[in-house]
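**Student:** First the structure, which I've put down as structure tokens, then a few questions once you've had a look.
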Amino acid sequence: LTDSEILIKFKGSLSNASALDNWSDMTNPCKGDISNWNGVICHKGFVIGLQLEGMGLTGKIDVQTLIGLSVLRSLSFMNNGFDGPFPELKKLKSLRSIFLSKNHFSGAIPDDAFEGMFKLKKVLLAENEFTGAIPSSLAALPKLIVLRLEGNKFTGKLPKFSATNFASFNVSNNELDGPIPATFSKMDFKSFSGNKGLCGQPVNECNTPNTSTSISTTSNTSNSNSNSESTSKKPSMVCIIVVGIAMAVALAAIVVAALILLQSLKRTSEESIEAPPLPSDLKKKTRSKEADRSAQGSPSEHSSNGRKKADMAKLSFIRDDGERFDLSDLLKASAEILGSGCFGLSYKAALSTGPVMVVKRFKQMNNVGKEEFHEHMRRIGRLSHPNLLPLVAYYYRKEEKLLVTDYIEKGSLAVHLHGHQALGQPSMDWPTRLKIVKGVAKGLSYLSKELPSITAAHGHLKSSNILLNQSNEPLLTDYGLIPVINQENAQELMVAYKSPEYLQLGRITKKTDVWSLGILILELIIGKLPPNFLPQGKETEGEDLASWVNAIPQEQRKNQVIDKKISGIKNSEGEILKLLKIGMSCCEGEVEKRLDLKEAIERINKLKEKDSDEDFFSSYASEEDMKKGMCDDFAIS
Ligand SMILES: Nc1ncnc2c1ncn2[C@@H]1O[C@H](COP(=O)(O)OP(=O)(O)OP(=O)(O)O)[C@@H](O)[C@H]1O
């Protein structure tokens with residue numbers, strides 16, 4: 001059967017499937033990475049995922065038919081009306097993700113239900129009616145990083161899990177009992193709460209008779225003073241030693257890091273100057289690509305002669321019409337460190353011939369092969385929009401990659417919002433802020449259309465990745481990088497992976513960039529820096545901006561939320577409140593309730609600099625609604 005026939009047959013087993021009306025055997029489900037069939041995810045012409053969420057589907061999940069989709073990696077039926085036993089998904093050995101949360105599946109899951117699914121990384125079964133023990137075959141999965149079982153009726157003990165590196169784990173609100181394995185002791189207690197019988201760290205409610213601490217302290221009252229004295233002394237000695245060792249190790253680490261950095265810079269510089277001629281096959285490839293580069297925008301080799309030629313080839317240029325330079329030119333240029341972001345250092349390099357470039361070093365792109373990297377950079381390089389900072393050139397070496405762009409004199413939005421104020425310079429006025437939001441929205445819209453196969457087409461939207469040109473038009477940077485960043489590092493560093501859906505469910509969606517846009521809107525209105533967008537913010541420290549707004553009573557928001565330092569807001573407060581409302585709808589924690597990008601952009605585009613009389617009244621009317629608790633967009637989650 002073809003993919004199209006398989007999917008049509010599969011649809012036949014579903015009930016209430018009107019959301020899949022555009023599945024038709026007259027068309028192909030996949031054109032390259034694009035699909036016009038609702039909920040079908042494609043890669044290189046193959047169906048790799050079904051994302052059939054919140055479609056009101058019921059009926060049977062015909063797993064047998066899906067076996068025909070040989071590269072199916074992800075199945076999501078979340079938030080539908082499926083019931084009955086756990087489907088026999090182990091027949092689909094290539095699956096990486098199973099999302100069945102928020103349905104009515106029930107009964108015990110067979111102990112061997114996950115047997116042989118060695119590639120499985122994410123399993124979401126939350127908020128169903130499953131009973132019985134957590135299957136040992138699930139606990140044995142070696143690559144599991146996300147497991148969500150909360151809100152079921154699982155019983156028995158928590159099994160020992162083979163995987164130890166969970167990005168998200170939750171078994172709360174079940175009927176589990178017994179001790180929590182020590183490997184989970186550092187997790188958030190909320191992941192285990194609501195299970196009356198579970199005990200041990202992090203819940204700390206173990207009440208078994210053989211837990212000895214409290215018993216021994218009461219029975220040895222006569223010794224208690226001396227014991228407590230000696231225990232209070234011992235830790236302080238230990239502390240001093242530990243702190244001493246830690247300081248010595250930290251110092252040594254700093255020295256080693258500095259040496260490595262110097263060595264690496266030196267090596268890069270030497271390699272670029274001493275670069276051997278290109279291997280002939282790569283040269284051939286480069287030359288043959290010259291032929292179609294005008295159509296493809298492919299990198300080209302600027303030929304002159306000898307070693308110069310080889311050096312030039314080391315930097316791959318996206319366009320033909322710009323100034324050419326090589327790595328050694330960049331390294332010889334007068335350079336200035338712009339900052340150390342999540343991925344490494346960024347330098348500003350003023351070339352002796354005039355142009356000023358920015359070189360950003362990435363060490364976290366080691367999992368992609370050379371061809372894959374070149375292909376992706378060419379894809380990024382073909383993008384062209386007034387709100388995107390174009391990639392000028394890139395450099396590939398196995399251990400590190402460099403991306404080169406023009407230097408933008410005016411710097412980033414982050415600096416204008418937060419840095420300039422700290423220096424006592426005037427804060428950005430409302431019309432400029434509005435212009436920036438509109439430009440960012442246009443850039444995002446373009447990216448999502450041009451990079452449909454990347455779930456979060458930007459993936460790293462934050463105020464330091466928005467530069468401002470001389471007329472304050474925003475230019476997005478660091479976009480489209482998710483496919484080439486190492487997964488582990490991406491999870492730690494990229495903004496998309498700090499979204500609620502990633503933190504709670506271990507997934508990013510088409511609406512993840514919308515969430516970042518919402519946070520950016522709030523940052524522009526409130527004038528506060530979002531805590532978890534800081535480079536070092538691996539953990540969310542402090543509440544996010546949306547929770548901060550939500551904690552402020554409705555009637556006080558106009559006065560407390562809008563940054564007092566924004567100039568030019570007279571007669572614009574109605575419009576600012578409308579933007580605030582859009583920002584909050586973009587920050588909706590539940591993906592289904594969040595605005596989609598198109599809707600958000602439409603609403604942003606309607607905003608004006610000044611309130612009209614009508615807007616003035618309607619914004620106040622909506623404030624009244626809020627007071628009455630009728631405004632869903634502001635509902636406290
Ligand atoms: N082309 C550019 N022109 C001017 N300033 C830039 C340019 N690219 C980056 N910057 C600025 O240089 C600084 C360092 O940028 P970098 O991208 O390394 O880190 P970041 O944006 O803070 O974090 P991340 O690595 O997560 O993107 C930031 O303030 C950024 O706004």
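Note on naming: chains are A, B, ... as they come in the structure tokens, residues start from 1 per chain, ligands start from 1 in the order shown.
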Find the residues around Leu468 (chain A) up to 12 Å (only C-alpha atoms counted), leave out those fewer than 5 positions away in its own chain, and share them as a list in words.
**Tutor:**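 Within the cut-off, the hits are Pro386, Asn387, Leu388, Leu389, Tyr407, Ile408, Glu409, Lys410, Gly411, Ser412, Leu413, Ala414, Val415, His416, Leu417, Thr432, Arg433, Lys435, Ile436, Val437, Gly439, Val440, Ser463, Glu473, Pro474, Leu475, Leu476 and Thr477 of chain A.
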**Student:** What are the closest atom pairs, with distances in Å to one decimal, for all residues of chain A lying within 6 Å of ligand 1? Consider only C-alpha atoms and all ligand atoms, order rows by chain and residue number, and present the result as a Markdown table.
**Tutor:**
| residue | atom | partner | partner_atom_place_in_ligand_line | distance |
| --- | --- | --- | --- | --- |
| A:Leu338 | CA | ligand 1 | 12 (O) | 4.5 |
| A:Gly339 | CA | ligand 1 | 14 (C) | 3.9 |
| A:Ser340 | CA | ligand 1 | 18 (O) | 5.0 |
| A:Gly341 | CA | ligand 1 | 19 (O) | 3.2 |
| A:Cys342 | CA | ligand 1 | 25 (O) | 3.8 |
| A:Phe343 | CA | ligand 1 | 25 (O) | 4.7 |
| A:Leu345 | CA | ligand 1 | 18 (O) | 5.3 |
| A:Ser346 | CA | ligand 1 | 18 (O) | 4.4 |
| A:Val358 | CA | ligand 1 | 1 (N) | 5.2 |
| A:Thr405 | CA | ligand 1 | 1 (N) | 5.5 |
| A:Asp406 | CA | ligand 1 | 1 (N) | 5.2 |
| A:Tyr407 | CA | ligand 1 | 3 (N) | 3.8 |
| A:Ile408 | CA | ligand 1 | 3 (N) | 3.8 |
| A:Glu409 | CA | ligand 1 | 4 (C) | 5.9 |
| A:Gly411 | CA | ligand 1 | 5 (N) | 4.6 |
| A:Ser412 | CA | ligand 1 | 31 (O) | 4.3 |
| A:Ser464 | CA | ligand 1 | 31 (O) | 4.1 |
| A:Asn465 | CA | ligand 1 | 21 (O) | 4.9 |
| A:Pro535 | CA | ligand 1 | 26 (O) | 5.8 |
**Student:** Please identify all polymer residues within 10 Å of region 164-174 of chain A, counting only C-alpha atoms, omitting same-chain residues fewer than 4 positions from it, and present them as a PyMOL selection string.
**Tutor:** chain A and resi 121-124+126-127+129-131+134+142-156+158+160+183-184+187-198+488+491-492+502-507
**Student:** Could you name the residues that touch Asn38 (chain A) at 9 Å or less, counting only C-alpha atoms, but leaving out those on the same chain fewer than 6 positions away, as an mmCIF file with N, CA and C atoms, in the first residue's frame?
**Tutor:**
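In the end it all went to selection_7.cif:
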data_model
loop_
_atom_site.group_PDB
_atom_site.id
_atom_site.type_symbol
_atom_site.label_atom_id
_atom_site.label_comp_id
_atom_site.auth_asym_id
_atom_site.auth_seq_id
_atom_site.Cartn_x
_atom_site.Cartn_y
_atom_site.Cartn_z
ATOM 1 N N ALA A 19 -12.320 16.329 11.032
ATOM 2 C CA ALA A 19 -11.109 17.167 10.976
ATOM 3 C C ALA A 19 -10.120 16.648 9.929
ATOM 4 N N LEU A 20 -10.342 15.404 9.476
ATOM 5 C CA LEU A 20 -9.414 14.828 8.490
ATOM 6 C C LEU A 20 -10.022 14.817 7.091
ATOM 7 N N ASP A 21 -10.997 15.706 6.880
ATOM 8 C CA ASP A 21 -11.676 15.720 5.578
ATOM 9 C C ASP A 21 -10.739 15.991 4.412
ATOM 10 N N ASN A 22 -9.646 16.702 4.687
ATOM 11 C CA ASN A 22 -8.749 16.965 3.543
ATOM 12 C C ASN A 22 -7.762 15.820 3.273
ATOM 13 N N TRP A 23 -7.921 14.684 3.963
ATOM 14 C CA TRP A 23 -7.159 13.484 3.589
ATOM 15 C C TRP A 23 -7.884 12.871 2.386
ATOM 16 N N LEU A 50 2.151 11.508 12.931
ATOM 17 C CA LEU A 50 0.736 11.885 12.906
ATOM 18 C C LEU A 50 0.484 12.693 14.160
ATOM 19 N N GLN A 51 0.029 13.923 13.970
ATOM 20 C CA GLN A 51 -0.229 14.792 15.114
ATOM 21 C C GLN A 51 -1.716 15.131 15.100
ATOM 22 N N LEU A 52 -2.527 14.181 15.555
ATOM 23 C CA LEU A 52 -3.982 14.329 15.468
ATOM 24 C C LEU A 52 -4.486 14.711 16.855
#
**Student:** Please report, as a PyMOL selection string, each residue of region 317-526 of chain A to which DSSP assigns strand (DSSP E) when run on this structure's backbone.
**Tutor:** chain A and resi 317+334-340+345-350+356-362+393-397+400-406+466-468+474-476
**Student:** Mind writing the picked residues with C-alpha atoms as a PDB file, in the first residue's frame?
**Tutor:**
ATOM      1  CA  PHE A 317      29.875  32.595   1.246  1.00  0.00           C
ATOM      2  CA  SER A 334      40.698  44.479  14.888  1.00  0.00           C
ATOM      3  CA  ALA A 335      38.292  42.435  16.960  1.00  0.00           C
ATOM      4  CA  GLU A 336      36.103  43.031  19.932  1.00  0.00           C
ATOM      5  CA  ILE A 337      34.163  40.476  21.949  1.00  0.00           C
ATOM      6  CA  LEU A 338      30.473  41.374  21.750  1.00  0.00           C
ATOM      7  CA  GLY A 339      29.350  38.924  24.337  1.00  0.00           C
ATOM      8  CA  SER A 340      29.302  35.360  25.387  1.00  0.00           C
ATOM      9  CA  LEU A 345      31.608  33.929  22.013  1.00  0.00           C
ATOM     10  CA  SER A 346      30.543  36.454  19.383  1.00  0.00           C
ATOM     11  CA  TYR A 347      33.186  38.773  17.963  1.00  0.00           C
ATOM     12  CA  LYS A 348      32.943  41.995  16.038  1.00  0.00           C
ATOM     13  CA  ALA A 349      35.701  42.096  13.407  1.00  0.00           C
ATOM     14  CA  ALA A 350      36.458  45.270  11.455  1.00  0.00           C
ATOM     15  CA  VAL A 356      32.516  45.188   9.864  1.00  0.00           C
ATOM     16  CA  MET A 357      31.385  41.625  10.489  1.00  0.00           C
ATOM     17  CA  VAL A 358      30.175  39.557  13.424  1.00  0.00           C
ATOM     18  CA  VAL A 359      31.515  36.048  13.906  1.00  0.00           C
ATOM     19  CA  LYS A 360      29.609  33.738  16.209  1.00  0.00           C
ATOM     20  CA  ARG A 361      31.230  30.497  17.331  1.00  0.00           C
ATOM     21  CA  PHE A 362      29.131  27.379  17.829  1.00  0.00           C
ATOM     22  CA  ALA A 393      29.124  33.225   5.340  1.00  0.00           C
ATOM     23  CA  TYR A 394      29.821  30.183   7.449  1.00  0.00           C
ATOM     24  CA  TYR A 395      32.689  27.957   8.312  1.00  0.00           C
ATOM     25  CA  TYR A 396      32.636  24.232   8.953  1.00  0.00           C
ATOM     26  CA  ARG A 397      35.084  22.328  11.048  1.00  0.00           C
ATOM     27  CA  GLU A 400      33.214  24.021  15.688  1.00  0.00           C
ATOM     28  CA  LYS A 401      31.216  26.095  13.293  1.00  0.00           C
ATOM     29  CA  LEU A 402      31.318  29.840  12.678  1.00  0.00           C
ATOM     30  CA  LEU A 403      28.433  31.914  11.360  1.00  0.00           C
ATOM     31  CA  VAL A 404      29.269  35.315   9.909  1.00  0.00           C
ATOM     32  CA  THR A 405      26.820  38.207   9.585  1.00  0.00           C
ATOM     33  CA  ASP A 406      27.046  41.962   9.117  1.00  0.00           C
ATOM     34  CA  ILE A 466      16.647  41.020  17.658  1.00  0.00           C
ATOM     35  CA  LEU A 467      18.914  43.724  16.271  1.00  0.00           C
ATOM     36  CA  LEU A 468      17.741  47.194  15.316  1.00  0.00           C
ATOM     37  CA  PRO A 474      13.942  44.779  13.867  1.00  0.00           C
ATOM     38  CA  LEU A 475      16.249  42.168  12.331  1.00  0.00           C
ATOM     39  CA  LEU A 476      15.940  38.620  13.667  1.00  0.00           C
TER      40      LEU A 476
END
**Student:** Please, what distance in Å, to one decimal, runs between CA of Met117 (chain A) and CA of Ser136 (chain A)?
**Tutor:**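 Rounded to one decimal, the two atoms are 12.6 Å apart.
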**Student:** Residues at most 7 Å from Glu575 (chain A), counting only C-alpha atoms, excluding those fewer than 3 positions away in the same chain, as a VMD selection string?
**Tutor:** chain A and resid 572 578 to 579 607 to 608 610 to 611
**Student:** Give me a file of those residues, with C-alpha atoms, as an mmCIF file, in the first residue's frame.
**Tutor:**
data_model
loop_
_atom_site.group_PDB
_atom_site.id
_atom_site.type_symbol
_atom_site.label_atom_id
_atom_site.label_comp_id
_atom_site.auth_asym_id
_atom_site.auth_seq_id
_atom_site.Cartn_x
_atom_site.Cartn_y
_atom_site.Cartn_z
ATOM 1 C CA SER A 572 -2.207 55.073 23.659
ATOM 2 C CA LYS A 578 -4.645 45.409 23.698
ATOM 3 C CA LEU A 579 -1.047 44.419 22.989
ATOM 4 C CA LEU A 607 -2.853 47.824 16.568
ATOM 5 C CA LYS A 608 -2.417 51.560 16.170
ATOM 6 C CA LYS A 610 -2.986 56.099 19.284
ATOM 7 C CA ASP A 611 -6.335 55.086 20.732
#
**Student:** Produce a table with one row for each residue of region 412-462 of chain A that has an atom at most 10 Å from any atom of region 561-566 of chain A, each row naming the nearest atom pair and its distance in Å at one decimal; use only C-alpha atoms; arrange rows by chain and rising residue number; format as a tab-separated table.
**Tutor:**
residue	atom	partner	partner_atom	distance
A:Leu417	CA	A:Ile566	CA	9.9
A:Gln421	CA	A:Lys565	CA	8.9
A:Pro426	CA	A:Lys565	CA	8.2
A:Ser427	CA	A:Ile566	CA	6.0
A:Met428	CA	A:Ile566	CA	6.2
A:Asp429	CA	A:Ile566	CA	5.2
A:Trp430	CA	A:Ile566	CA	6.2
A:Pro431	CA	A:Ile566	CA	9.8
A:Arg433	CA	A:Ile566	CA	9.1
**Student:** Would you mind exporting the chosen residues as a JSON list (two decimals), in the first residue's frame, restricted to C-alpha atoms?
**Tutor:**
[["chain", "number", "residue", "atom", "x", "y", "z"],
["A", 417, "LEU", "CA", 15.32, 47.99, 26.52],
["A", 421, "GLN", "CA", 18.12, 52.70, 30.77],
["A", 426, "PRO", "CA", 15.94, 57.80, 27.49],
["A", 427, "SER", "CA", 13.80, 54.74, 27.24],
["A", 428, "MET", "CA", 12.30, 53.59, 23.95],
["A", 429, "ASP", "CA", 8.94, 55.20, 23.17],
["A", 430, "TRP", "CA", 5.69, 53.35, 22.49],
["A", 431, "PRO", "CA", 5.57, 53.91, 18.68],
["A", 433, "ARG", "CA", 8.08, 49.40, 20.56]]
**Student:** Quick check, in Å to one decimal: how far apart do CA of Lys157 (chain A) and CA of Gln201 (chain A) lie?
**Tutor:**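 Between CA of Lys157 (chain A) and CA of Gln201 (chain A) the gap works out to 14.8 Å.
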**Student:** Could you state the separation of CA of Lys558 (chain A) and CA of Ile576 (chain A) in Å, given to one decimal place?
**Tutor:**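 One can read the CA of Lys558 (chain A) to CA of Ile576 (chain A) distance as 9.1 Å.
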**Student:** If you count only C-alpha atoms, which residues fall within 8 Å of Phe161 (chain A), apart from same-chain ones fewer than 5 positions away, as a PyMOL selection string?
**Tutor:** chain A and resi 139-141
**Student:** Set the distance at 8 Å and use only C-alpha atoms: which residues neighbour Asp111 (chain A) once local chain neighbours fewer than 2 positions away are removed? I'd like the list as a ChimeraX atom specification.
**Tutor:** /A:109,113-114,133-137
**Student:** I'd like to know which of A:Pro181, A:Ser316, A:Gly59, A:His374 is closest to Pro159 (chain A), using only C-alpha atoms.
**Tutor:**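 That would be A:Pro181, the residue with the smallest distance to Pro159 (chain A).
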**Student:** Select, from A:Asp326, A:Ala496, A:Pro390, A:Asn489, the residue with the minimum atom-to-atom distance to Gly344 (chain A), counting only C-alpha atoms.
**Tutor:**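 That would be A:Asn489, the residue with the smallest distance to Gly344 (chain A).
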